[in-house]
Amino acid sequence: MAEAIQFLVPRDNVLARRLSIISDLADLLPPECLVHEARGLAPFETDAFIAYRRVPLAVALPRTTVQVAAVLKYCHRYDIPVVPRGAGTSLSGGAIPQEDAVVLCLSKMTRIIEIDYANRTATVQAGVTNLSISDAVGTDGFFYAPDPSSQLACTIGGNIGMNSGGAHCLKYGVTTNNLLGVKLVLIDGTVVELGGKHLDAAGYDLLGLVCGSEGQLGVVTEATVRLIAKPEGARPVLFGFDTCDEAGACVADIIAAGIIPVAIEFMDKPAIEICEAFAKAGYPLDVAALLIVEVEGSEAEMDAMLASIVEIAGRHGVRKVRECQSATEAALIWKGRKSAFGATGRIADYICMDGTVPLGKLSYVLGRTAQIVEGFGLRVANVFHAGDGNMHPLILFNANDPVEAAKAEAAGNEILKLCVEAGGCLTGEHGVGIEKRDLMRYQYSDIDLAQQMDVRGAFDEKWLLNPSKVFPLDGRIRAAC
Amino acid sequence: MQTSFTTEQLADPNVAESEKILRRCVHCGFCTATCPTYVTLGNELDSPRGRIYLIKEMLENGRPADAETVTHIDRCLSCLSCVTTCPSGVDYMHLVDHARAHIENTYRRPLADRLIRSLLAAILPYPARFRAALQLARLGRPLAPVFARVPALAPIAAMLSLAPVRRARTAAVTDPQPVSTPRRGRVAILSGCAQSVLDPGINAATRRLLTRFDVEIVAPRGEGCCGALVHHLGREDEALAFARRNVDAWIGEIEGGGLDAIIITASGCGTTVKDYGHMLRLDPLYADKAARVSALARDITEYLSTLDLPVLESRRLSVAYHSACSLQHGQRITALPKLLLKAAGFTVRDPAEGHLCCGSAGTYNILQPEISAQLKARKVKNIDATKADVVAAGNIGCMTQIATGTAIPVVHTVELLDWAYGGPKPAKLATSGRKDRARPVAAARV
Ligand SMILES: Cc1cc2nc3c(=O)[nH]c(=O)nc-3n(C[C@H](O)[C@H](O)[C@H](O)COP(=O)(O)OP(=O)(O)OC[C@H]3O[C@@H](n4cnc5c(N)ncnc54)[C@H](O)[C@@H]3O)c2cc1C
Ligand code: SF4
Ligand code: SF4
């Protein structure tokens with residue numbers, strides 16, 4: 001059975017100074033920008049990985065980069081851990097605090113600073129939600145491409161922290177491929193700017209390093225992202241299959257044929273039922289697996305690409321092909337898909353896995369996943385970015401039953417190991433956080449990890465930023481903790 | 001999410017219900033993004049997910065409410081935007097109802113707060129008292145800025161500035177004219193409380209319109225305030241007393257002459273009447289009756305949509321349709337009012353950010369004047385950007401709130417419909433000084 005994931009032991013000397021730390025922070029921030037009452041701190045104790053919870057020492061809600069820098073500089077000086085937070089939608093526990101940490105939450109920094117159509121960029125504060133960028137430029141025919149299913153709520157700062165992806169990343173790439181520049185505050189309060197409005201910067205790709213660093217290299221306060229012109233048209237098409245195997249093989253063949261639609265999303269029967277209950281999108285309920293394939297471009301381009309996909313699907317025994325008839329229907333199809341995890345709450349608690357596998361192994365991994373979960377006496381629903389091989393088995397359980405909860409975690413660990421064994425990796429887009437931290441050794445050798453820790457240490461020598469995450473707690477050779 | 005309640009705690013049916021609601025929340029955070037107070041304040045504690053957490057902690061520990069929790073629950077507008085957004089179907093409405101009642105029972109508010117709340121509860125639900133209070137408020141208006149300077153008294157300032165400058169004409173409640181043609185339905189219209197004082201023209205327009213389309217209207221005796229105002233203040237016993245009184249009145253009529261619908265023209269009240277079945281579910285004497293009443297409750301636009309009103313020639317008058325939260329989130333009525341307006345010949349425009357509350361929210365604009373003012377400014381900006389000739393809304397609270405911020409006249413949807421189908425032009429349009437570009441349309445009879 002899985003052992004409960006450990007956090008770093010809180011530093012006594014920080015806990016002992018709690019009141020004086022709070023009073024110092026109160027000097028640095030306006031009253032409405034600081035939470036320190038016990039009752040008010042509890043809701044910050046977790047993110048979307050709710051199995052784990054730690055009440056922080058205080059929560060800072062800065063409004064400006066200057067305030068962020070002031071808090072970081074203070075915490076650096078007094079050796080106080082800091083956990084950056086955006087909307088707290090991380091599924092790997094990336095934003096879960098620890099008892100001796102100040103949470104630095106950017107939810108008040110929600111200004112869109114500049115939209116520059118000439119350079120096709122938007123510069124926004126880090127607390128701006130992913131979707132509000134697309135909303136701001138939508139009427140002018142643009143959008144911001146990476147679209148995590150949580151895009152309604154998650155912040156661009158969190159997206160950078162996790163290098164988030166989404167359904168449409170198959171064609172447009174993930175966050176790192178769409179990020180042009182950041183304003184980053186280092187742990188000692190220094191403000192640096194990396195990148196800019198251009199596609200590549202001179203010298204090392206420091207921006208690439210920051211993207212996906214899970215809040216451990218610095219705190220992003222502003223980001224410049226690439227805007228993309230909306231295609232002439234876009235059409236999601238539903239493909240229903242009698243078995244998951246056929247659907248999985250079909251995905252592999254589409255990609256192998258060199259066809260790159262905008263999105264290929266996979267849902268198995270339990271997932272279809274869950275999503276239909278919320279969105280009423282008209283997903284077929286009598287198939288075992290469903291692919292949502294979106295094509296875009298001119299009518300002719302869409303028709304041509306669809307014809308090839310339909311032909312491939314035919315070879316894999318597709319039973320239903322449904323083109324959607326209206327923009328409303330298309331919106332519902334995506335609404336259903338993007339609400340899948342949340343909607344799962346209707347039937348059970350869940351933990352969401354995030355492994356990535358080579359497409360050729362998709363069917364095999366799906367089959368084994370089902371066996372593993374059933375082996376623990378639990379149920380699984382699968383809804384994921386199939387085109388990228390980014391699997392998201394949702395393990396369903398009852399959170400009020402500690403035995404089931406432990407089983408769910410154990411099953412999750414086995415699934416992630418399976419992904420690594422199949423030649424894939426632990427995380428596609430949700431990050432390591434605490435959830436996959438102790439499995440990192442399964443993926444990387446000690447030397448690999450040591451190198452990564454060196455990089456981390458170069459930015460944050462005292463390991464104050466989000467210290468409980470990413471690297472296994474033992475063997476932190478260069479860590480000051 | 002995980003909860004920890006003891007078996008004894010779960011023996012209380014209200015706790016048991018809240019536990020079920022909490023279990024559904026998966027802490028995904030989607031709801032934060034569409035919550036007006038989170039969008040305005042940027043603090044998890046002022047978001048649905050944060051409030052759910054605060055309530056969970058409060059109920060699990062079975063402890064009296066504390067100041068921090070109360071602050072953030074008080075800031076909730078009960079707009080129910082979070083309920084629309086939540087993929088998991090978390091019934092936040094009944095959770096926060098329970099929390100408010102718990103707060104009312106276990107928390108002692110500061111004196112000024114207690115006074116204001118008692119005052120609101122003692123005046124607003126009673127038309128005669130409310131009318132007298134408005135009269136006083138009109139006299140007291142010049143004092144508003146003085147009150148505004150003392151934080152504890154800010155609600156009084158808000159109250160004074162909200163009082164309409166002019167007194168509404170009291171429309172005589174004429175007995176419905178006898179319907180000559182076979183009637184198409186028999187309905188009761190909730191006469192309500194605050195709306196009947198602030199704008200009696202709304203129900204007058206409703207009566208005219210329904211009568212014109214051969215619907216018989218009855219006015220059951222004894223019906224009054226729906227109880228929403230006190231319900232949202234957490235005063236559960238008072239709310240239930242109002243509910244029982246109305247249930248009695250309507251059941252009498254249902255079992256007498258029969259009713260096809262109970263029509264509500266203030267959507268805030270509509271949400272509550274539709275919830276009577278739930279509110280009284282634990283009362284063996286009333287549970288069934290209340291459920292029958294709720295099943296008959298209809299927003300006026302819902303009922304009108306069943307009448308197949310004739311499609312009228314287009315008139316060049318653009319209407320910014322403001323979707324009241326209680327309609328769009330509380331009752332999930334989004335398209336019907338717009339379809340009716342379009343069929344009646346109006347050009348309908350949707351203001352941006354339509355899902356966000358205008359900040360009126362019952363007594364919210366009095367109790368939380370600062371947040372309310374920010375939301376109003378945001379709403380009015382979006383409405384003004386439509387450059388429409390008139391704003392239509394289905395809830396008196398929103399109408400009053402928006403009208404104090406924009407130069408565009410604000411009317412009830414049903415007033416425009418009554419006008420289009422042969423009734424008088426809404427007074428606010430006649431006096432707004434705007435060029436009337438609407439062409440008269442002959443009264444349409446079906
Ligand atoms: C229902 C649901 C669906 C999801 N679907 C997807 C999906 O399709 N694709 C996907 O990739 N993810 C998905 N996620 C996961 C999650 O939404 C993403 O990881 C998202 O990017 C997190 O953003 P956030 O603002 O909530 O950040 P948080 O959860 O608050 O933080 C995430 C990480 O980033 C760090 N961080 C946050 N802000 C900053 C900052 N300003 N500077 C530096 N570091 C920072 C934090 O320390 C933490 O390590 C989903 C989550 C949910 C609940
Ligand atoms: S959207 Fe629903 S499930 Fe998600 S956090 Fe909000 S209430 Fe909970
Ligand atoms: S009811 Fe409205 S204000 Fe209250 S939590 Fe939900 S969205 Fe926010």
# chains A, B, ... in the order shown; residues from 1 in each chain; ligands from 1
>>> residues_around(residues="stretch 56-66 of chain A", least_positions_apart="5", cutoff="9 Å", atoms="only C-alpha atoms", output="PyMOL selection string")
(chain A and resi 15+18+21-22+25+29-30+32-38+41-42+44-45+71+96-110+183-185+189+191+220-222) or (chain B and resi 42-43)
>>> residues_near_ligand(ligand="ligand 3", cutoff="10 Å", atoms="only C-alpha atoms and all ligand atoms", output="MDAnalysis selection string")
chainID B and resid 31:39 45:52 72:86 92:93 96 325 329:330 355:357 359 361
>>> write_last_selection(atoms="C-alpha atoms", output="PDB file, in the first residue's frame")
ATOM      1  CA  CYS B  31     -16.227  28.283  -9.777  1.00  0.00           C
ATOM      2  CA  THR B  32     -13.720  30.867  -8.565  1.00  0.00           C
ATOM      3  CA  ALA B  33     -13.406  32.297 -12.060  1.00  0.00           C
ATOM      4  CA  THR B  34     -17.047  33.277 -12.424  1.00  0.00           C
ATOM      5  CA  CYS B  35     -17.627  34.461  -8.870  1.00  0.00           C
ATOM      6  CA  PRO B  36     -18.162  38.229  -8.809  1.00  0.00           C
ATOM      7  CA  THR B  37     -16.550  38.702  -5.422  1.00  0.00           C
ATOM      8  CA  TYR B  38     -13.450  36.660  -6.302  1.00  0.00           C
ATOM      9  CA  VAL B  39     -13.091  38.485  -9.571  1.00  0.00           C
ATOM     10  CA  LEU B  45     -11.698  33.401   0.898  1.00  0.00           C
ATOM     11  CA  ASP B  46     -14.076  35.492  -1.180  1.00  0.00           C
ATOM     12  CA  SER B  47     -14.557  32.705  -3.731  1.00  0.00           C
ATOM     13  CA  PRO B  48     -17.098  29.889  -3.723  1.00  0.00           C
ATOM     14  CA  ARG B  49     -14.407  27.291  -3.180  1.00  0.00           C
ATOM     15  CA  GLY B  50     -13.001  29.286  -0.250  1.00  0.00           C
ATOM     16  CA  ARG B  51     -16.447  29.779   1.249  1.00  0.00           C
ATOM     17  CA  ILE B  52     -17.258  26.101   0.876  1.00  0.00           C
ATOM     18  CA  HIS B  72     -16.528  36.166   3.887  1.00  0.00           C
ATOM     19  CA  ILE B  73     -19.956  34.530   3.926  1.00  0.00           C
ATOM     20  CA  ASP B  74     -21.530  37.970   4.287  1.00  0.00           C
ATOM     21  CA  ARG B  75     -19.698  39.062   1.166  1.00  0.00           C
ATOM     22  CA  CYS B  76     -21.351  36.296  -0.854  1.00  0.00           C
ATOM     23  CA  LEU B  77     -24.045  37.742  -3.100  1.00  0.00           C
ATOM     24  CA  SER B  78     -25.957  34.464  -3.366  1.00  0.00           C
ATOM     25  CA  CYS B  79     -25.871  35.154  -7.081  1.00  0.00           C
ATOM     26  CA  LEU B  80     -25.350  31.414  -7.734  1.00  0.00           C
ATOM     27  CA  SER B  81     -22.987  31.985 -10.621  1.00  0.00           C
ATOM     28  CA  CYS B  82     -20.864  29.284  -9.004  1.00  0.00           C
ATOM     29  CA  VAL B  83     -23.717  26.813  -9.275  1.00  0.00           C
ATOM     30  CA  THR B  84     -23.999  27.406 -13.002  1.00  0.00           C
ATOM     31  CA  THR B  85     -20.272  26.913 -13.400  1.00  0.00           C
ATOM     32  CA  CYS B  86     -19.716  23.897 -11.165  1.00  0.00           C
ATOM     33  CA  TYR B  92     -23.939  25.822  -3.088  1.00  0.00           C
ATOM     34  CA  MET B  93     -27.297  27.527  -2.653  1.00  0.00           C
ATOM     35  CA  VAL B  96     -24.813  28.774   2.074  1.00  0.00           C
ATOM     36  CA  CYS B 325     -28.654  36.280 -11.470  1.00  0.00           C
ATOM     37  CA  HIS B 329     -28.277  31.120 -12.284  1.00  0.00           C
ATOM     38  CA  GLY B 330     -31.077  30.589  -9.789  1.00  0.00           C
ATOM     39  CA  HIS B 355     -22.785  36.207 -15.894  1.00  0.00           C
ATOM     40  CA  LEU B 356     -21.534  38.723 -13.320  1.00  0.00           C
ATOM     41  CA  CYS B 357     -23.921  40.123 -10.726  1.00  0.00           C
ATOM     42  CA  GLY B 359     -24.239  43.975  -6.998  1.00  0.00           C
ATOM     43  CA  ALA B 361     -28.524  41.025  -4.582  1.00  0.00           C
TER      44      ALA B 361
END
>>> closest_residue(among="A:Tyr204, A:Trp463, A:Phe239, A:Phe341", to="ligand 1", atoms="only C-alpha atoms and all ligand atoms")
A:Phe341
>>> closest_atom_pairs(of="chain B", to="ligand 1", cutoff="8 Å", atoms="only C-alpha atoms and all ligand atoms", output="Markdown table")
| residue | atom | partner | partner_atom_place_in_ligand_line | distance |
| --- | --- | --- | --- | --- |
| B:His27 | CA | ligand 1 | 53 (C) | 7.2 |
| B:Cys28 | CA | ligand 1 | 53 (C) | 4.0 |
| B:Gly29 | CA | ligand 1 | 53 (C) | 6.4 |
| B:Phe30 | CA | ligand 1 | 1 (C) | 7.3 |
>>> write_last_selection(atoms="C-alpha atoms", output="short mmCIF file (atom, residue, chain, number, x, y, z; two decimals), in the first residue's frame")
data_model
loop_
_atom_site.label_atom_id
_atom_site.label_comp_id
_atom_site.auth_asym_id
_atom_site.auth_seq_id
_atom_site.Cartn_x
_atom_site.Cartn_y
_atom_site.Cartn_z
CA HIS B 27 -11.92 21.51 -5.17
CA CYS B 28 -11.26 22.01 -8.86
CA GLY B 29 -11.53 25.78 -8.57
CA PHE B 30 -13.60 26.35 -11.72
#
>>> closest_residue(among="A:Ala26, A:Pro146, A:Ala201, A:Met162", to="A:Gln67", atoms="only C-alpha atoms")
A:Ala26
>>> residues_around(residues="A:Ala279", least_positions_apart="5", cutoff="8 Å", atoms="only C-alpha atoms", output="PyMOL selection string")
chain A and resi 332-333+335-336
>>> write_last_selection(atoms="N, CA, C and O atoms", output="mmCIF file, in the first residue's frame")
data_model
loop_
_atom_site.group_PDB
_atom_site.id
_atom_site.type_symbol
_atom_site.label_atom_id
_atom_site.label_comp_id
_atom_site.auth_asym_id
_atom_site.auth_seq_id
_atom_site.Cartn_x
_atom_site.Cartn_y
_atom_site.Cartn_z
ATOM 1 N N LEU A 332 -20.558 22.934 -26.821
ATOM 2 C CA LEU A 332 -20.983 21.971 -25.802
ATOM 3 C C LEU A 332 -20.057 20.767 -25.758
ATOM 4 O O LEU A 332 -19.752 20.240 -24.686
ATOM 5 N N ILE A 333 -19.623 20.325 -26.940
ATOM 6 C CA ILE A 333 -18.723 19.175 -26.977
ATOM 7 C C ILE A 333 -17.452 19.490 -26.197
ATOM 8 O O ILE A 333 -16.967 18.689 -25.394
ATOM 9 N N LYS A 335 -17.137 21.920 -23.917
ATOM 10 C CA LYS A 335 -17.483 22.191 -22.518
ATOM 11 C C LYS A 335 -17.523 20.868 -21.738
ATOM 12 O O LYS A 335 -16.986 20.764 -20.641
ATOM 13 N N GLY A 336 -18.135 19.866 -22.339
ATOM 14 C CA GLY A 336 -18.223 18.562 -21.695
ATOM 15 C C GLY A 336 -16.849 17.986 -21.448
ATOM 16 O O GLY A 336 -16.521 17.545 -20.341
#
>>> residues_around(residues="A:Lys320", least_positions_apart="4", cutoff="12 Å", atoms="only C-alpha atoms", output="PyMOL selection string")
chain A and resi 237-242+247+283-292+310+313-314+316
>>> atom_distance(atom1="atom CA of B:Cys193", atom2="atom CA of B:Val230")
12.2 Å
>>> select_by_dssp(residues="stretch 3-61 of chain A", states="alpha helix (DSSP H)", output="PyMOL selection string")
chain A and resi 12-16+18-28+38-41
>>> interface_residues(of="chain A", to="chain B", cutoff="6 Å", atoms="only C-alpha atoms", output="list in words")
Pro43, Ala48, Thr89, Ser107, Lys108, Ala153, Ser339, Gly342, Ala343, Gly345, Arg346, Ala399 and Asn400 of chain A
>>> write_last_selection(atoms="all heavy atoms", output="PDB file, in the first residue's frame")
ATOM      1  N   PRO A  43      -8.614  27.514   4.121  1.00  0.00           N
ATOM      2  CA  PRO A  43      -8.962  27.286   2.717  1.00  0.00           C
ATOM      3  C   PRO A  43      -7.759  27.316   1.767  1.00  0.00           C
ATOM      4  O   PRO A  43      -7.897  26.973   0.603  1.00  0.00           O
ATOM      5  CB  PRO A  43      -9.934  28.433   2.408  1.00  0.00           C
ATOM      6  CG  PRO A  43     -10.563  28.749   3.722  1.00  0.00           C
ATOM      7  CD  PRO A  43      -9.437  28.596   4.705  1.00  0.00           C
ATOM      8  N   ALA A  48      -5.999  21.406  -6.076  1.00  0.00           N
ATOM      9  CA  ALA A  48      -6.949  20.418  -6.589  1.00  0.00           C
ATOM     10  C   ALA A  48      -6.490  18.979  -6.312  1.00  0.00           C
ATOM     11  O   ALA A  48      -7.146  18.025  -6.707  1.00  0.00           O
ATOM     12  CB  ALA A  48      -7.206  20.631  -8.076  1.00  0.00           C
ATOM     13  N   THR A  89      -5.178  25.245  -8.825  1.00  0.00           N
ATOM     14  CA  THR A  89      -5.863  24.155  -9.529  1.00  0.00           C
ATOM     15  C   THR A  89      -4.914  23.008  -9.841  1.00  0.00           C
ATOM     16  O   THR A  89      -5.268  22.095 -10.590  1.00  0.00           O
ATOM     17  CB  THR A  89      -6.507  24.615 -10.857  1.00  0.00           C
ATOM     18  OG1 THR A  89      -5.471  24.973 -11.777  1.00  0.00           O
ATOM     19  CG2 THR A  89      -7.444  25.790 -10.649  1.00  0.00           C
ATOM     20  N   SER A 107      -3.370  36.006  -7.047  1.00  0.00           N
ATOM     21  CA  SER A 107      -4.743  36.138  -7.547  1.00  0.00           C
ATOM     22  C   SER A 107      -5.257  37.575  -7.611  1.00  0.00           C
ATOM     23  O   SER A 107      -6.295  37.831  -8.199  1.00  0.00           O
ATOM     24  CB  SER A 107      -5.682  35.290  -6.686  1.00  0.00           C
ATOM     25  OG  SER A 107      -5.523  35.629  -5.329  1.00  0.00           O
ATOM     26  N   LYS A 108      -4.537  38.512  -7.009  1.00  0.00           N
ATOM     27  CA  LYS A 108      -4.974  39.909  -7.146  1.00  0.00           C
ATOM     28  C   LYS A 108      -4.294  40.593  -8.335  1.00  0.00           C
ATOM     29  O   LYS A 108      -4.619  41.734  -8.662  1.00  0.00           O
ATOM     30  CB  LYS A 108      -4.661  40.694  -5.869  1.00  0.00           C
ATOM     31  CG  LYS A 108      -5.651  40.457  -4.723  1.00  0.00           C
ATOM     32  CD  LYS A 108      -5.354  41.405  -3.574  1.00  0.00           C
ATOM     33  CE  LYS A 108      -6.028  40.984  -2.291  1.00  0.00           C
ATOM     34  NZ  LYS A 108      -7.425  41.421  -2.184  1.00  0.00           N
ATOM     35  N   ALA A 153     -10.192  28.839 -15.036  1.00  0.00           N
ATOM     36  CA  ALA A 153      -9.770  29.264 -13.706  1.00  0.00           C
ATOM     37  C   ALA A 153      -8.264  29.415 -13.542  1.00  0.00           C
ATOM     38  O   ALA A 153      -7.801  30.271 -12.789  1.00  0.00           O
ATOM     39  CB  ALA A 153     -10.288  28.268 -12.661  1.00  0.00           C
ATOM     40  N   SER A 339     -14.879  19.825 -18.771  1.00  0.00           N
ATOM     41  CA  SER A 339     -15.400  19.727 -17.410  1.00  0.00           C
ATOM     42  C   SER A 339     -15.257  18.325 -16.866  1.00  0.00           C
ATOM     43  O   SER A 339     -15.746  18.039 -15.767  1.00  0.00           O
ATOM     44  CB  SER A 339     -16.881  20.111 -17.400  1.00  0.00           C
ATOM     45  OG  SER A 339     -17.055  21.370 -17.969  1.00  0.00           O
ATOM     46  N   GLY A 342     -13.917  17.771 -13.143  1.00  0.00           N
ATOM     47  CA  GLY A 342     -14.854  18.337 -12.166  1.00  0.00           C
ATOM     48  C   GLY A 342     -16.135  17.535 -12.119  1.00  0.00           C
ATOM     49  O   GLY A 342     -16.655  17.215 -11.050  1.00  0.00           O
ATOM     50  N   ALA A 343     -16.641  17.184 -13.303  1.00  0.00           N
ATOM     51  CA  ALA A 343     -17.929  16.481 -13.358  1.00  0.00           C
ATOM     52  C   ALA A 343     -17.840  15.095 -12.726  1.00  0.00           C
ATOM     53  O   ALA A 343     -18.848  14.531 -12.301  1.00  0.00           O
ATOM     54  CB  ALA A 343     -18.408  16.380 -14.803  1.00  0.00           C
ATOM     55  N   GLY A 345     -16.811  14.473  -9.975  1.00  0.00           N
ATOM     56  CA  GLY A 345     -17.258  14.633  -8.591  1.00  0.00           C
ATOM     57  C   GLY A 345     -18.708  14.224  -8.395  1.00  0.00           C
ATOM     58  O   GLY A 345     -19.142  13.974  -7.286  1.00  0.00           O
ATOM     59  N   ARG A 346     -19.478  14.183  -9.498  1.00  0.00           N
ATOM     60  CA  ARG A 346     -20.873  13.773  -9.381  1.00  0.00           C
ATOM     61  C   ARG A 346     -21.002  12.326  -8.924  1.00  0.00           C
ATOM     62  O   ARG A 346     -22.012  11.949  -8.347  1.00  0.00           O
ATOM     63  CB  ARG A 346     -21.563  13.876 -10.751  1.00  0.00           C
ATOM     64  CG  ARG A 346     -21.774  15.280 -11.175  1.00  0.00           C
ATOM     65  CD  ARG A 346     -22.178  15.375 -12.642  1.00  0.00           C
ATOM     66  NE  ARG A 346     -22.354  16.767 -12.959  1.00  0.00           N
ATOM     67  CZ  ARG A 346     -23.507  17.400 -12.900  1.00  0.00           C
ATOM     68  NH1 ARG A 346     -24.596  16.744 -12.615  1.00  0.00           N
ATOM     69  NH2 ARG A 346     -23.574  18.685 -13.149  1.00  0.00           N
ATOM     70  N   ALA A 399     -13.332   9.169  -0.656  1.00  0.00           N
ATOM     71  CA  ALA A 399     -12.330   9.856   0.166  1.00  0.00           C
ATOM     72  C   ALA A 399     -12.593   9.696   1.656  1.00  0.00           C
ATOM     73  O   ALA A 399     -11.704   9.918   2.470  1.00  0.00           O
ATOM     74  CB  ALA A 399     -12.272  11.335  -0.192  1.00  0.00           C
ATOM     75  N   ASN A 400     -13.823   9.341   2.017  1.00  0.00           N
ATOM     76  CA  ASN A 400     -14.109   9.164   3.437  1.00  0.00           C
ATOM     77  C   ASN A 400     -13.736   7.772   3.939  1.00  0.00           C
ATOM     78  O   ASN A 400     -13.938   7.459   5.098  1.00  0.00           O
ATOM     79  CB  ASN A 400     -15.587   9.444   3.722  1.00  0.00           C
ATOM     80  CG  ASN A 400     -15.845  10.936   3.892  1.00  0.00           C
ATOM     81  OD1 ASN A 400     -14.917  11.743   3.776  1.00  0.00           O
ATOM     82  ND2 ASN A 400     -17.080  11.305   4.152  1.00  0.00           N
TER      83      ASN A 400
END
>>> residues_around(residues="A:Glu421", least_positions_apart="2", cutoff="10 Å", atoms="only C-alpha atoms", output="list of chain:residue names")
A:Val357, A:Val365, A:Ile415, A:Leu416, A:Lys417, A:Leu418, A:Cys419, A:Gly423, A:Gly424, A:Cys425, A:Tyr442, A:Gln443
>>> residues_around(residues="A:Ala307", least_positions_apart="3", cutoff="12 Å", atoms="only C-alpha atoms", output="PyMOL selection string")
chain A and resi 237+254+259+295+300-304+310-314+321+323
>>> write_last_selection(atoms="N, CA, C and O atoms", output="compact mmCIF listing (two decimals), in the first residue's frame")
# COMPACT_ATOMS: atom_id res chain seq x y z
N VAL A 237 -15.24 16.57 -34.43
CA VAL A 237 -16.01 15.44 -34.95
C VAL A 237 -15.89 14.29 -33.94
O VAL A 237 -14.82 14.06 -33.38
N ILE A 254 -3.49 7.61 -36.99
CA ILE A 254 -3.69 8.97 -37.52
C ILE A 254 -2.37 9.72 -37.46
O ILE A 254 -1.91 10.31 -38.43
N ILE A 259 -0.78 12.95 -40.07
CA ILE A 259 -1.90 13.90 -39.97
C ILE A 259 -1.88 14.51 -38.57
O ILE A 259 -1.85 13.78 -37.58
N VAL A 295 -10.64 19.37 -36.45
CA VAL A 295 -9.85 19.82 -37.60
C VAL A 295 -10.16 21.29 -37.79
O VAL A 295 -11.20 21.78 -37.36
N ALA A 300 -12.46 23.40 -47.38
CA ALA A 300 -11.81 22.38 -48.20
C ALA A 300 -10.73 21.65 -47.40
O ALA A 300 -10.62 20.42 -47.43
N GLU A 301 -9.95 22.42 -46.63
CA GLU A 301 -8.89 21.79 -45.83
C GLU A 301 -9.49 20.85 -44.79
O GLU A 301 -9.01 19.73 -44.58
N MET A 302 -10.56 21.32 -44.16
CA MET A 302 -11.17 20.48 -43.13
C MET A 302 -11.73 19.20 -43.75
O MET A 302 -11.54 18.11 -43.22
N ASP A 303 -12.41 19.36 -44.89
CA ASP A 303 -12.99 18.19 -45.55
C ASP A 303 -11.90 17.18 -45.90
O ASP A 303 -12.06 15.97 -45.68
N ALA A 304 -10.80 17.68 -46.45
CA ALA A 304 -9.74 16.78 -46.89
C ALA A 304 -9.16 16.02 -45.70
O ALA A 304 -9.00 14.79 -45.72
N VAL A 310 -11.39 9.77 -41.42
CA VAL A 310 -12.52 8.84 -41.46
C VAL A 310 -12.07 7.51 -42.08
O VAL A 310 -12.44 6.43 -41.61
N GLU A 311 -11.22 7.62 -43.08
CA GLU A 311 -10.75 6.41 -43.75
C GLU A 311 -9.93 5.55 -42.76
O GLU A 311 -10.15 4.34 -42.65
N ILE A 312 -9.06 6.21 -42.01
CA ILE A 312 -8.25 5.47 -41.03
C ILE A 312 -9.16 4.86 -39.95
O ILE A 312 -9.02 3.69 -39.57
N ALA A 313 -10.11 5.68 -39.48
CA ALA A 313 -11.01 5.19 -38.43
C ALA A 313 -11.80 3.99 -38.94
O ALA A 313 -12.05 3.04 -38.19
N GLY A 314 -12.16 4.02 -40.21
CA GLY A 314 -12.89 2.90 -40.82
C GLY A 314 -12.10 1.61 -40.69
O GLY A 314 -12.64 0.55 -40.39
N VAL A 321 -19.70 8.08 -36.63
CA VAL A 321 -18.96 9.31 -36.89
C VAL A 321 -19.99 10.42 -36.88
O VAL A 321 -20.97 10.37 -37.62
N GLU A 323 -20.43 14.51 -37.19
CA GLU A 323 -19.92 15.87 -37.33
C GLU A 323 -20.88 16.78 -36.62
O GLU A 323 -22.09 16.59 -36.68
>>> closest_residue(among="B:Ser372, B:Thr106, B:Thr334, B:Ser161", to="B:Ala144", atoms="only C-alpha atoms")
B:Ser161
>>> closest_residue(among="A:Phe143, A:Glu246, A:Tyr350, A:Gly258", to="ligand 2", atoms="only C-alpha atoms and all ligand atoms")
A:Tyr350
>>> residues_around(residues="A:Cys324", least_positions_apart="3", cutoff="7 Å", atoms="only C-alpha atoms", output="list in words")
Pro236, Val237, Glu329 and Ala330 of chain A
>>> write_last_selection(atoms="N, CA, C and O atoms", output="mmCIF file, in the first residue's frame")
data_model
loop_
_atom_site.group_PDB
_atom_site.id
_atom_site.type_symbol
_atom_site.label_atom_id
_atom_site.label_comp_id
_atom_site.auth_asym_id
_atom_site.auth_seq_id
_atom_site.Cartn_x
_atom_site.Cartn_y
_atom_site.Cartn_z
ATOM 1 N N PRO A 236 -15.179 20.098 -34.426
ATOM 2 C CA PRO A 236 -14.914 18.852 -33.706
ATOM 3 C C PRO A 236 -15.814 17.739 -34.264
ATOM 4 O O PRO A 236 -16.985 17.976 -34.561
ATOM 5 N N VAL A 237 -15.242 16.568 -34.434
ATOM 6 C CA VAL A 237 -16.010 15.435 -34.947
ATOM 7 C C VAL A 237 -15.894 14.295 -33.944
ATOM 8 O O VAL A 237 -14.821 14.059 -33.376
ATOM 9 N N GLU A 329 -23.237 23.498 -30.721
ATOM 10 C CA GLU A 329 -22.960 22.090 -30.463
ATOM 11 C C GLU A 329 -21.458 21.872 -30.231
ATOM 12 O O GLU A 329 -21.057 21.145 -29.319
ATOM 13 N N ALA A 330 -20.647 22.543 -31.041
ATOM 14 C CA ALA A 330 -19.195 22.421 -30.879
ATOM 15 C C ALA A 330 -18.794 22.915 -29.492
ATOM 16 O O ALA A 330 -17.982 22.281 -28.805
#
